[in-house]
>>> print(open('protein-v4.cif').read())   # mmCIF, N, CA and C atoms
data_final
#
loop_
_atom_site.label_atom_id
_atom_site.label_comp_id
_atom_site.auth_asym_id
_atom_site.auth_seq_id
_atom_site.Cartn_x
_atom_site.Cartn_y
_atom_site.Cartn_z
N MET A 1 0.82 -1.19 0.00
CA MET A 1 0.00 0.00 0.00
C MET A 1 0.87 1.26 0.00
N LYS A 2 1.86 1.28 0.88
CA LYS A 2 2.74 2.44 0.98
C LYS A 2 3.54 2.60 -0.33
N THR A 3 3.96 1.51 -0.92
CA THR A 3 4.71 1.55 -2.17
C THR A 3 3.86 2.12 -3.29
N GLN A 4 2.58 1.73 -3.34
CA GLN A 4 1.68 2.27 -4.37
C GLN A 4 1.49 3.78 -4.21
N ALA A 5 1.37 4.24 -2.99
CA ALA A 5 1.19 5.67 -2.73
C ALA A 5 2.41 6.45 -3.20
N ILE A 6 3.59 5.95 -2.91
CA ILE A 6 4.82 6.60 -3.34
C ILE A 6 4.90 6.61 -4.86
N PHE A 7 4.54 5.48 -5.47
CA PHE A 7 4.57 5.37 -6.93
C PHE A 7 3.63 6.40 -7.56
N PHE A 8 2.40 6.49 -7.06
CA PHE A 8 1.42 7.43 -7.62
C PHE A 8 1.83 8.89 -7.40
N ARG A 9 2.41 9.19 -6.25
CA ARG A 9 2.90 10.55 -6.02
C ARG A 9 3.99 10.90 -7.03
N GLY A 10 4.91 9.95 -7.24
CA GLY A 10 5.98 10.17 -8.21
C GLY A 10 5.42 10.35 -9.62
N LEU A 11 4.44 9.55 -9.96
CA LEU A 11 3.82 9.63 -11.28
C LEU A 11 3.13 10.98 -11.46
N ILE A 12 2.40 11.41 -10.45
CA ILE A 12 1.70 12.70 -10.51
C ILE A 12 2.71 13.84 -10.64
N LEU A 13 3.80 13.80 -9.88
CA LEU A 13 4.82 14.85 -9.98
C LEU A 13 5.47 14.86 -11.36
N ALA A 14 5.72 13.69 -11.92
CA ALA A 14 6.31 13.60 -13.25
C ALA A 14 5.38 14.21 -14.30
N VAL A 15 4.11 13.88 -14.24
CA VAL A 15 3.15 14.41 -15.20
C VAL A 15 3.02 15.92 -15.05
N LEU A 16 2.95 16.40 -13.82
CA LEU A 16 2.84 17.84 -13.60
C LEU A 16 4.06 18.58 -14.12
N SER A 17 5.24 18.03 -13.92
CA SER A 17 6.44 18.71 -14.41
C SER A 17 6.48 18.73 -15.93
N LEU A 18 6.01 17.68 -16.58
CA LEU A 18 5.95 17.67 -18.04
C LEU A 18 4.97 18.70 -18.56
N VAL A 19 3.81 18.78 -17.93
CA VAL A 19 2.79 19.74 -18.36
C VAL A 19 3.28 21.16 -18.13
N ALA A 20 3.85 21.43 -16.98
CA ALA A 20 4.33 22.78 -16.67
C ALA A 20 5.48 23.16 -17.60
N GLY A 21 6.41 22.24 -17.86
CA GLY A 21 7.53 22.52 -18.74
C GLY A 21 7.06 22.75 -20.17
N GLY A 22 6.07 22.02 -20.61
CA GLY A 22 5.57 22.15 -21.97
C GLY A 22 4.87 23.46 -22.22
N CYS A 23 4.30 24.08 -21.22
CA CYS A 23 3.56 25.33 -21.38
C CYS A 23 4.45 26.55 -21.46
N THR A 24 5.66 26.44 -20.93
CA THR A 24 6.52 27.60 -20.84
C THR A 24 6.79 28.23 -22.20
N GLY A 25 7.19 27.43 -23.19
CA GLY A 25 7.48 27.97 -24.52
C GLY A 25 6.26 28.61 -25.16
N ALA A 26 5.11 27.96 -25.03
CA ALA A 26 3.88 28.50 -25.61
C ALA A 26 3.48 29.79 -24.92
N ASP A 27 3.62 29.82 -23.60
CA ASP A 27 3.29 31.04 -22.87
C ASP A 27 4.21 32.19 -23.29
N MET A 28 5.50 31.88 -23.45
CA MET A 28 6.43 32.92 -23.90
C MET A 28 6.06 33.38 -25.30
N TRP A 29 5.74 32.45 -26.17
CA TRP A 29 5.42 32.78 -27.56
C TRP A 29 4.22 33.71 -27.63
N ASP A 30 3.24 33.49 -26.75
CA ASP A 30 2.06 34.36 -26.71
C ASP A 30 2.40 35.79 -26.32
N SER A 31 3.51 35.97 -25.60
CA SER A 31 3.92 37.30 -25.15
C SER A 31 4.72 38.07 -26.20
N VAL A 32 5.22 37.40 -27.21
CA VAL A 32 6.07 38.02 -28.23
C VAL A 32 5.19 38.88 -29.16
N PRO A 33 5.61 40.13 -29.43
CA PRO A 33 4.85 40.98 -30.34
C PRO A 33 4.70 40.34 -31.73
N ALA A 34 3.60 40.64 -32.38
CA ALA A 34 3.25 40.00 -33.66
C ALA A 34 4.30 40.19 -34.74
N ASN A 35 4.88 41.39 -34.85
CA ASN A 35 5.87 41.61 -35.92
C ASN A 35 7.15 40.80 -35.67
N ILE A 36 7.49 40.56 -34.43
CA ILE A 36 8.66 39.73 -34.12
C ILE A 36 8.35 38.26 -34.37
N LYS A 37 7.14 37.83 -34.04
CA LYS A 37 6.73 36.46 -34.36
C LYS A 37 6.82 36.21 -35.86
N THR A 38 6.34 37.18 -36.64
CA THR A 38 6.37 37.05 -38.10
C THR A 38 7.81 36.92 -38.60
N PHE A 39 8.70 37.75 -38.08
CA PHE A 39 10.11 37.71 -38.46
C PHE A 39 10.71 36.34 -38.15
N ILE A 40 10.50 35.86 -36.94
CA ILE A 40 11.07 34.58 -36.53
C ILE A 40 10.45 33.42 -37.31
N ASP A 41 9.14 33.45 -37.48
CA ASP A 41 8.47 32.39 -38.26
C ASP A 41 8.97 32.33 -39.70
N TYR A 42 9.27 33.49 -40.27
CA TYR A 42 9.73 33.53 -41.66
C TYR A 42 11.11 32.90 -41.80
N TYR A 43 12.04 33.29 -40.92
CA TYR A 43 13.43 32.81 -41.05
C TYR A 43 13.70 31.50 -40.30
N TYR A 44 12.97 31.25 -39.24
CA TYR A 44 13.18 30.04 -38.44
C TYR A 44 11.83 29.41 -38.11
N PRO A 45 11.13 28.89 -39.12
CA PRO A 45 9.80 28.32 -38.88
C PRO A 45 9.86 27.12 -37.93
N ASN A 46 8.80 26.95 -37.19
CA ASN A 46 8.64 25.83 -36.25
C ASN A 46 9.70 25.81 -35.15
N SER A 47 10.26 26.96 -34.83
CA SER A 47 11.25 27.04 -33.76
C SER A 47 10.56 27.13 -32.41
N GLU A 48 11.28 26.70 -31.40
CA GLU A 48 10.77 26.76 -30.04
C GLU A 48 11.55 27.83 -29.27
N LEU A 49 10.85 28.64 -28.50
CA LEU A 49 11.51 29.68 -27.71
C LEU A 49 12.20 29.09 -26.50
N ALA A 50 13.40 29.58 -26.24
CA ALA A 50 14.11 29.23 -25.01
C ALA A 50 14.03 30.38 -24.02
N GLU A 51 13.96 31.62 -24.56
CA GLU A 51 13.91 32.79 -23.68
C GLU A 51 13.21 33.94 -24.39
N TYR A 52 12.48 34.70 -23.61
CA TYR A 52 11.88 35.94 -24.08
C TYR A 52 11.93 36.92 -22.93
N SER A 53 12.48 38.12 -23.17
CA SER A 53 12.51 39.12 -22.11
C SER A 53 12.47 40.51 -22.73
N LYS A 54 12.07 41.44 -21.90
CA LYS A 54 11.96 42.85 -22.31
C LYS A 54 12.62 43.67 -21.22
N ASP A 55 13.54 44.59 -21.59
CA ASP A 55 14.19 45.40 -20.57
C ASP A 55 13.51 46.76 -20.42
N LYS A 56 14.04 47.57 -19.53
CA LYS A 56 13.43 48.87 -19.22
C LYS A 56 13.40 49.81 -20.41
N SER A 57 14.38 49.69 -21.31
CA SER A 57 14.43 50.58 -22.47
C SER A 57 13.46 50.14 -23.57
N GLY A 58 12.87 48.96 -23.41
CA GLY A 58 11.93 48.45 -24.39
C GLY A 58 12.53 47.44 -25.35
N SER A 59 13.85 47.21 -25.23
CA SER A 59 14.49 46.19 -26.07
C SER A 59 13.95 44.82 -25.73
N ILE A 60 13.78 44.01 -26.76
CA ILE A 60 13.22 42.67 -26.60
C ILE A 60 14.27 41.65 -27.00
N VAL A 61 14.50 40.67 -26.13
CA VAL A 61 15.47 39.61 -26.40
C VAL A 61 14.71 38.31 -26.59
N VAL A 62 15.01 37.63 -27.69
CA VAL A 62 14.39 36.35 -27.99
C VAL A 62 15.50 35.35 -28.29
N GLU A 63 15.51 34.24 -27.58
CA GLU A 63 16.46 33.15 -27.84
C GLU A 63 15.66 31.94 -28.28
N LEU A 64 16.08 31.33 -29.39
CA LEU A 64 15.44 30.12 -29.85
C LEU A 64 16.16 28.90 -29.27
N LYS A 65 15.41 27.88 -28.97
CA LYS A 65 16.01 26.66 -28.44
C LYS A 65 16.91 26.06 -29.51
N ASP A 66 18.16 25.81 -29.14
CA ASP A 66 19.15 25.26 -30.07
C ASP A 66 19.26 26.08 -31.35
N GLY A 67 19.14 27.39 -31.21
CA GLY A 67 19.18 28.25 -32.38
C GLY A 67 19.70 29.63 -32.04
N PRO A 68 19.45 30.58 -32.92
CA PRO A 68 19.98 31.93 -32.73
C PRO A 68 19.26 32.73 -31.66
N GLY A 69 19.88 33.84 -31.33
CA GLY A 69 19.29 34.80 -30.41
C GLY A 69 19.15 36.14 -31.12
N PHE A 70 18.13 36.88 -30.75
CA PHE A 70 17.83 38.15 -31.39
C PHE A 70 17.58 39.22 -30.34
N THR A 71 17.99 40.44 -30.65
CA THR A 71 17.60 41.61 -29.85
C THR A 71 16.87 42.54 -30.80
N PHE A 72 15.70 42.98 -30.39
CA PHE A 72 14.88 43.89 -31.19
C PHE A 72 14.69 45.18 -30.41
N ASP A 73 14.57 46.31 -31.12
CA ASP A 73 14.25 47.56 -30.44
C ASP A 73 12.77 47.59 -30.09
N ARG A 74 12.34 48.64 -29.45
CA ARG A 74 10.95 48.70 -28.98
C ARG A 74 9.93 48.65 -30.12
N SER A 75 10.34 49.00 -31.35
CA SER A 75 9.41 48.93 -32.47
C SER A 75 9.46 47.58 -33.20
N GLY A 76 10.31 46.66 -32.71
CA GLY A 76 10.37 45.32 -33.30
C GLY A 76 11.37 45.16 -34.42
N ILE A 77 12.29 46.13 -34.56
CA ILE A 77 13.34 46.06 -35.58
C ILE A 77 14.58 45.43 -34.94
N TRP A 78 15.17 44.43 -35.59
CA TRP A 78 16.32 43.76 -34.99
C TRP A 78 17.52 44.71 -34.89
N SER A 79 18.27 44.55 -33.81
CA SER A 79 19.52 45.31 -33.66
C SER A 79 20.71 44.36 -33.53
N ASP A 80 20.48 43.16 -33.02
CA ASP A 80 21.55 42.17 -32.88
C ASP A 80 20.99 40.78 -33.18
N ILE A 81 21.80 40.00 -33.90
CA ILE A 81 21.45 38.60 -34.15
C ILE A 81 22.70 37.78 -33.91
N SER A 82 22.59 36.78 -33.08
CA SER A 82 23.70 35.87 -32.81
C SER A 82 23.30 34.46 -33.19
N GLY A 83 24.15 33.82 -33.94
CA GLY A 83 23.90 32.43 -34.31
C GLY A 83 24.18 31.46 -33.18
N ASN A 84 24.68 31.99 -32.05
CA ASN A 84 25.03 31.16 -30.89
C ASN A 84 25.94 30.00 -31.28
N GLY A 85 27.00 30.35 -32.04
CA GLY A 85 27.98 29.37 -32.44
C GLY A 85 27.74 28.75 -33.80
N LEU A 86 26.59 29.01 -34.38
CA LEU A 86 26.27 28.50 -35.72
C LEU A 86 26.10 29.68 -36.68
N PRO A 87 26.34 29.45 -37.98
CA PRO A 87 26.12 30.54 -38.93
C PRO A 87 24.64 30.94 -38.99
N ILE A 88 24.42 32.22 -39.20
CA ILE A 88 23.07 32.74 -39.40
C ILE A 88 22.63 32.33 -40.81
N LYS A 89 21.37 32.02 -40.98
CA LYS A 89 20.88 31.59 -42.29
C LYS A 89 21.19 32.63 -43.36
N GLU A 90 21.65 32.14 -44.50
CA GLU A 90 22.06 33.03 -45.58
C GLU A 90 20.91 33.87 -46.11
N ILE A 91 19.71 33.34 -46.15
CA ILE A 91 18.56 34.11 -46.64
C ILE A 91 18.29 35.31 -45.73
N LEU A 92 18.51 35.15 -44.44
CA LEU A 92 18.35 36.26 -43.51
C LEU A 92 19.41 37.32 -43.78
N ILE A 93 20.65 36.89 -44.00
CA ILE A 93 21.74 37.83 -44.32
C ILE A 93 21.39 38.58 -45.61
N TYR A 94 20.94 37.85 -46.62
CA TYR A 94 20.59 38.46 -47.91
C TYR A 94 19.47 39.50 -47.74
N ASP A 95 18.44 39.12 -47.02
CA ASP A 95 17.28 40.02 -46.87
C ASP A 95 17.55 41.20 -45.95
N GLN A 96 18.40 41.03 -44.95
CA GLN A 96 18.51 42.02 -43.89
C GLN A 96 19.77 42.88 -43.92
N THR A 97 20.58 42.73 -44.96
CA THR A 97 21.75 43.60 -45.08
C THR A 97 21.64 44.41 -46.37
N PRO A 98 22.29 45.56 -46.42
CA PRO A 98 22.28 46.36 -47.65
C PRO A 98 22.94 45.58 -48.80
N GLU A 99 22.47 45.83 -50.00
CA GLU A 99 22.98 45.09 -51.17
C GLU A 99 24.51 45.16 -51.31
N PRO A 100 25.14 46.33 -51.14
CA PRO A 100 26.61 46.35 -51.28
C PRO A 100 27.33 45.47 -50.26
N LEU A 101 26.79 45.38 -49.07
CA LEU A 101 27.40 44.52 -48.05
C LEU A 101 27.24 43.05 -48.41
N TYR A 102 26.07 42.68 -48.86
CA TYR A 102 25.87 41.28 -49.25
C TYR A 102 26.73 40.93 -50.46
N THR A 103 26.84 41.85 -51.42
CA THR A 103 27.69 41.62 -52.59
C THR A 103 29.14 41.42 -52.16
N TYR A 104 29.59 42.21 -51.19
CA TYR A 104 30.94 42.05 -50.65
C TYR A 104 31.10 40.67 -50.02
N LEU A 105 30.12 40.25 -49.24
CA LEU A 105 30.17 38.92 -48.63
C LEU A 105 30.26 37.82 -49.69
N GLU A 106 29.48 37.95 -50.73
CA GLU A 106 29.55 36.97 -51.83
C GLU A 106 30.92 36.97 -52.49
N GLY A 107 31.48 38.16 -52.65
CA GLY A 107 32.79 38.29 -53.28
C GLY A 107 33.91 37.60 -52.52
N ILE A 108 33.79 37.57 -51.20
CA ILE A 108 34.81 36.89 -50.40
C ILE A 108 34.33 35.49 -49.98
N GLU A 109 33.23 35.06 -50.60
CA GLU A 109 32.65 33.74 -50.35
C GLU A 109 32.37 33.50 -48.86
N ALA A 110 31.76 34.51 -48.23
CA ALA A 110 31.49 34.41 -46.80
C ALA A 110 30.01 34.61 -46.46
N ALA A 111 29.14 34.65 -47.45
CA ALA A 111 27.72 34.90 -47.18
C ALA A 111 27.10 33.82 -46.29
N SER A 112 27.63 32.63 -46.34
CA SER A 112 27.08 31.55 -45.50
C SER A 112 27.88 31.36 -44.22
N GLY A 113 28.77 32.30 -43.92
CA GLY A 113 29.61 32.16 -42.74
C GLY A 113 29.55 33.33 -41.79
N VAL A 114 28.37 33.94 -41.66
CA VAL A 114 28.19 35.05 -40.71
C VAL A 114 27.63 34.46 -39.41
N PHE A 115 28.35 34.68 -38.31
CA PHE A 115 27.95 34.10 -37.03
C PHE A 115 27.20 35.09 -36.14
N GLU A 116 27.47 36.37 -36.33
CA GLU A 116 26.77 37.42 -35.56
C GLU A 116 26.66 38.65 -36.44
N MET A 117 25.58 39.39 -36.23
CA MET A 117 25.49 40.69 -36.89
C MET A 117 24.68 41.65 -36.03
N SER A 118 25.08 42.90 -36.12
CA SER A 118 24.37 43.94 -35.38
C SER A 118 24.33 45.18 -36.27
N ARG A 119 23.44 46.07 -35.91
CA ARG A 119 23.33 47.31 -36.67
C ARG A 119 22.85 48.42 -35.76
N ASP A 120 23.20 49.63 -36.16
CA ASP A 120 22.69 50.82 -35.52
C ASP A 120 22.42 51.84 -36.62
N ALA A 121 22.24 53.08 -36.28
CA ALA A 121 21.89 54.08 -37.28
C ALA A 121 23.03 54.36 -38.26
N LYS A 122 24.27 54.00 -37.89
CA LYS A 122 25.42 54.34 -38.73
C LYS A 122 26.07 53.14 -39.42
N GLU A 123 26.02 51.97 -38.78
CA GLU A 123 26.82 50.86 -39.28
C GLU A 123 26.16 49.49 -39.07
N TYR A 124 26.62 48.55 -39.88
CA TYR A 124 26.35 47.14 -39.68
C TYR A 124 27.68 46.51 -39.26
N HIS A 125 27.64 45.61 -38.30
CA HIS A 125 28.83 44.87 -37.86
C HIS A 125 28.54 43.39 -38.03
N LEU A 126 29.42 42.70 -38.73
CA LEU A 126 29.26 41.26 -38.95
C LEU A 126 30.48 40.53 -38.43
N THR A 127 30.24 39.43 -37.75
CA THR A 127 31.32 38.59 -37.26
C THR A 127 31.36 37.32 -38.09
N LEU A 128 32.50 37.09 -38.72
CA LEU A 128 32.73 35.88 -39.50
C LEU A 128 33.60 34.95 -38.66
N LEU A 129 33.98 33.83 -39.22
CA LEU A 129 34.77 32.86 -38.48
C LEU A 129 36.08 33.45 -37.98
N ASP A 130 36.81 34.12 -38.86
CA ASP A 130 38.13 34.63 -38.47
C ASP A 130 38.31 36.13 -38.72
N SER A 131 37.23 36.82 -39.00
CA SER A 131 37.33 38.25 -39.24
C SER A 131 36.01 38.94 -38.90
N SER A 132 36.07 40.25 -38.89
CA SER A 132 34.88 41.07 -38.65
C SER A 132 34.76 42.08 -39.77
N LEU A 133 33.53 42.43 -40.10
CA LEU A 133 33.27 43.43 -41.12
C LEU A 133 32.45 44.56 -40.52
N THR A 134 32.76 45.77 -40.95
CA THR A 134 31.96 46.93 -40.58
C THR A 134 31.56 47.63 -41.87
N TYR A 135 30.27 47.84 -42.02
CA TYR A 135 29.72 48.50 -43.20
C TYR A 135 29.16 49.84 -42.78
N SER A 136 29.63 50.91 -43.41
CA SER A 136 29.14 52.26 -43.13
C SER A 136 27.90 52.53 -43.98
N ILE A 137 26.81 52.85 -43.34
CA ILE A 137 25.57 53.14 -44.07
C ILE A 137 25.73 54.42 -44.88
N ASP A 138 26.42 55.43 -44.33
CA ASP A 138 26.60 56.70 -45.02
C ASP A 138 27.47 56.59 -46.26
N THR A 139 28.60 55.90 -46.16
CA THR A 139 29.56 55.88 -47.27
C THR A 139 29.47 54.61 -48.12
N GLY A 140 28.91 53.54 -47.58
CA GLY A 140 28.87 52.28 -48.30
C GLY A 140 30.18 51.51 -48.23
N ALA A 141 31.13 52.02 -47.44
CA ALA A 141 32.44 51.38 -47.33
C ALA A 141 32.38 50.17 -46.41
N VAL A 142 33.14 49.14 -46.76
CA VAL A 142 33.25 47.94 -45.94
C VAL A 142 34.68 47.84 -45.45
N GLU A 143 34.83 47.73 -44.14
CA GLU A 143 36.16 47.55 -43.55
C GLU A 143 36.21 46.16 -42.94
N SER A 144 37.34 45.50 -43.17
CA SER A 144 37.53 44.15 -42.66
C SER A 144 38.69 44.15 -41.67
N SER A 145 38.55 43.40 -40.60
CA SER A 145 39.64 43.22 -39.66
C SER A 145 39.73 41.77 -39.23
N ARG A 146 40.96 41.29 -39.09
CA ARG A 146 41.19 39.91 -38.66
C ARG A 146 40.91 39.80 -37.18
N ARG A 147 40.28 38.70 -36.81
CA ARG A 147 40.04 38.43 -35.38
C ARG A 147 41.17 37.57 -34.86
N GLU A 148 41.58 37.83 -33.67
CA GLU A 148 42.66 37.05 -33.03
C GLU A 148 42.13 35.81 -32.42
#
>>> encode(input="protein-v4.cif", output="structure tokens")
Amino acid sequence: MKTQAIFFRGLILAVLSLVAGGCTGADMWDSVPANIKTFIDYYYPNSELAEYSKDKSGSIVVELKDGPGFTFDRSGIWSDISGNGLPIKEILIYDQTPEPLYTYLEGIEAASGVFEMSRDAKEYHLTLLDSSLTYSIDTGAVESSRRE
């Protein structure tokens, strides 16, 4: 009798932890603004959220389970994308960088090897395997530097 009670308690706790764990991603997904959901669904369909947070300035951080991480400004425009050790999808690089920068990446055969990218009002910064690129929005110039 005592063994059965312990077994059922363990079973109930296991089921509850599975149910509670399974709801976390869906609950987070419901909190994500629609334009950010659209962006993520387009480039990373059927992804599961690992983290969603919003800071005091309104920046939104989204981490995908076993995938990239994104930082968006308060209007839902990305400012940082990290592949978290993996290259960022080439279609995202193509769509989200200025044409001269993407053409430069193709020229050095690195369009499929961007691991991180960020942007602000003046520049785009891309991290490749062994170098970094900075693209000036004003001048269209691309500067490359070797990473140590």
>>> atom_distance(input="protein-v4.cif", atom1="atom C of Lys65 of chain A", atom2="atom CA of Glu48 of chain A")
6.2 Å
>>> select_by_dssp(input="protein-v4.cif", residues="chain A", states="alpha helix (DSSP H)", output="PyMOL selection string")
chain A and resi 2-31+34-43+90-96+99-107
>>> resolve_selection(input="protein-v4.cif", expression="the PyMOL selection byres (((chain A and resi 133 and name CA) around 12) and name CA)", output="compact mmCIF listing (two decimals) with N, CA and C atoms, keeping the file's coordinate frame")
# COMPACT_ATOMS: atom_id res chain seq x y z
N LEU A 101 26.79 45.38 -49.07
CA LEU A 101 27.40 44.52 -48.05
C LEU A 101 27.24 43.05 -48.41
N TYR A 102 26.07 42.68 -48.86
CA TYR A 102 25.87 41.28 -49.25
C TYR A 102 26.73 40.93 -50.46
N TYR A 104 29.59 42.21 -51.19
CA TYR A 104 30.94 42.05 -50.65
C TYR A 104 31.10 40.67 -50.02
N LEU A 105 30.12 40.25 -49.24
CA LEU A 105 30.17 38.92 -48.63
C LEU A 105 30.26 37.82 -49.69
N ILE A 108 33.79 37.57 -51.20
CA ILE A 108 34.81 36.89 -50.40
C ILE A 108 34.33 35.49 -49.98
N ALA A 110 31.76 34.51 -48.23
CA ALA A 110 31.49 34.41 -46.80
C ALA A 110 30.01 34.61 -46.46
N ALA A 111 29.14 34.65 -47.45
CA ALA A 111 27.72 34.90 -47.18
C ALA A 111 27.10 33.82 -46.29
N GLY A 113 28.77 32.30 -43.92
CA GLY A 113 29.61 32.16 -42.74
C GLY A 113 29.55 33.33 -41.79
N VAL A 114 28.37 33.94 -41.66
CA VAL A 114 28.19 35.05 -40.71
C VAL A 114 27.63 34.46 -39.41
N PHE A 115 28.35 34.68 -38.31
CA PHE A 115 27.95 34.10 -37.03
C PHE A 115 27.20 35.09 -36.14
N GLU A 116 27.47 36.37 -36.33
CA GLU A 116 26.77 37.42 -35.56
C GLU A 116 26.66 38.65 -36.44
N MET A 117 25.58 39.39 -36.23
CA MET A 117 25.49 40.69 -36.89
C MET A 117 24.68 41.65 -36.03
N SER A 118 25.08 42.90 -36.12
CA SER A 118 24.37 43.94 -35.38
C SER A 118 24.33 45.18 -36.27
N ARG A 119 23.44 46.07 -35.91
CA ARG A 119 23.33 47.31 -36.67
C ARG A 119 22.85 48.42 -35.76
N GLU A 123 26.02 51.97 -38.78
CA GLU A 123 26.82 50.86 -39.28
C GLU A 123 26.16 49.49 -39.07
N TYR A 124 26.62 48.55 -39.88
CA TYR A 124 26.35 47.14 -39.68
C TYR A 124 27.68 46.51 -39.26
N HIS A 125 27.64 45.61 -38.30
CA HIS A 125 28.83 44.87 -37.86
C HIS A 125 28.54 43.39 -38.03
N LEU A 126 29.42 42.70 -38.73
CA LEU A 126 29.26 41.26 -38.95
C LEU A 126 30.48 40.53 -38.43
N THR A 127 30.24 39.43 -37.75
CA THR A 127 31.32 38.59 -37.26
C THR A 127 31.36 37.32 -38.09
N LEU A 128 32.50 37.09 -38.72
CA LEU A 128 32.73 35.88 -39.50
C LEU A 128 33.60 34.95 -38.66
N LEU A 129 33.98 33.83 -39.22
CA LEU A 129 34.77 32.86 -38.48
C LEU A 129 36.08 33.45 -37.98
N ASP A 130 36.81 34.12 -38.86
CA ASP A 130 38.13 34.63 -38.47
C ASP A 130 38.31 36.13 -38.72
N SER A 131 37.23 36.82 -39.00
CA SER A 131 37.33 38.25 -39.24
C SER A 131 36.01 38.94 -38.90
N SER A 132 36.07 40.25 -38.89
CA SER A 132 34.88 41.07 -38.65
C SER A 132 34.76 42.08 -39.77
N THR A 134 32.76 45.77 -40.95
CA THR A 134 31.96 46.93 -40.58
C THR A 134 31.56 47.63 -41.87
N TYR A 135 30.27 47.84 -42.02
CA TYR A 135 29.72 48.50 -43.20
C TYR A 135 29.16 49.84 -42.78
N SER A 136 29.63 50.91 -43.41
CA SER A 136 29.14 52.26 -43.13
C SER A 136 27.90 52.53 -43.98
N ALA A 141 31.13 52.02 -47.44
CA ALA A 141 32.44 51.38 -47.33
C ALA A 141 32.38 50.17 -46.41
N VAL A 142 33.14 49.14 -46.76
CA VAL A 142 33.25 47.94 -45.94
C VAL A 142 34.68 47.84 -45.45
N GLU A 143 34.83 47.73 -44.14
CA GLU A 143 36.16 47.55 -43.55
C GLU A 143 36.21 46.16 -42.94
N SER A 144 37.34 45.50 -43.17
CA SER A 144 37.53 44.15 -42.66
C SER A 144 38.69 44.15 -41.67
N SER A 145 38.55 43.40 -40.60
CA SER A 145 39.64 43.22 -39.66
C SER A 145 39.73 41.77 -39.23
N ARG A 146 40.96 41.29 -39.09
CA ARG A 146 41.19 39.91 -38.66
C ARG A 146 40.91 39.80 -37.18
N ARG A 147 40.28 38.70 -36.81
CA ARG A 147 40.04 38.43 -35.38
C ARG A 147 41.17 37.57 -34.86
>>> closest_residue(input="protein-v4.cif", among="A:Ala121, A:Ile60, A:Ile91, A:Ala50", to="Ser75 of chain A", atoms="all atoms listed in the file")
A:Ile60
>>> atom_distance(input="protein-v4.cif", atom1="atom C of Ser59 of chain A", atom2="atom C of Ser112 of chain A")
26.8 Å
>>> atom_distance(input="protein-v4.cif", atom1="atom CA of Asp55 of chain A", atom2="atom CA of Thr71 of chain A")
10.6 Å
>>> axis_aligned_box(input="protein-v4.cif", around="segment 100-117 of chain A", padding_each_side="6 Å", output="AutoDock Vina command-line options")
--center_x 29.7 --center_y 38.9 --center_z -44.4 --size_x 22.1 --size_y 27.0 --size_z 29.7
>>> select_by_dssp(input="protein-v4.cif", residues="segment 104-141 of chain A", states="strand (DSSP E)", output="list in words")
Val114, Phe115, Glu116, Met117, Ser118, Arg119, Glu123, Tyr124, His125, Leu126, Thr127, Leu128, Ser131, Ser132, Leu133, Thr134, Tyr135 and Ser136 of chain A
>>> closest_residue(input="protein-v4.cif", among="A:Ile36, A:Tyr52, A:Tyr43, A:Leu64", to="Glu90 of chain A", atoms="only C-alpha atoms")
A:Tyr43
>>> closest_residue(input="protein-v4.cif", among="A:Ser57, A:Thr103, A:Ser47, A:Ser82", to="Trp29 of chain A", atoms="only C-alpha atoms")
A:Ser47
>>> residues_near_point(input="protein-v4.cif", point="(17.2, 46.0, -37.6)", cutoff="8 Å", atoms="only C-alpha atoms", output="MDAnalysis selection string")
chainID A and resid 72:73 77:80 96 118:120
>>> decode(input="protein-v4.cif", residues="segment 125-136 of chain A", atoms="C-alpha atoms", output="PDB file, in the first residue's frame")
ATOM      1  CA  HIS A 125      28.827  44.872 -37.864  1.00  0.00           C
ATOM      2  CA  LEU A 126      29.258  41.263 -38.954  1.00  0.00           C
ATOM      3  CA  THR A 127      31.320  38.587 -37.256  1.00  0.00           C
ATOM      4  CA  LEU A 128      32.729  35.885 -39.495  1.00  0.00           C
ATOM      5  CA  LEU A 129      34.771  32.859 -38.482  1.00  0.00           C
ATOM      6  CA  ASP A 130      38.126  34.632 -38.467  1.00  0.00           C
ATOM      7  CA  SER A 131      37.328  38.254 -39.240  1.00  0.00           C
ATOM      8  CA  SER A 132      34.878  41.068 -38.646  1.00  0.00           C
ATOM      9  CA  LEU A 133      33.271  43.433 -41.124  1.00  0.00           C
ATOM     10  CA  THR A 134      31.965  46.934 -40.582  1.00  0.00           C
ATOM     11  CA  TYR A 135      29.721  48.495 -43.196  1.00  0.00           C
ATOM     12  CA  SER A 136      29.137  52.261 -43.127  1.00  0.00           C
TER      13      SER A 136
END
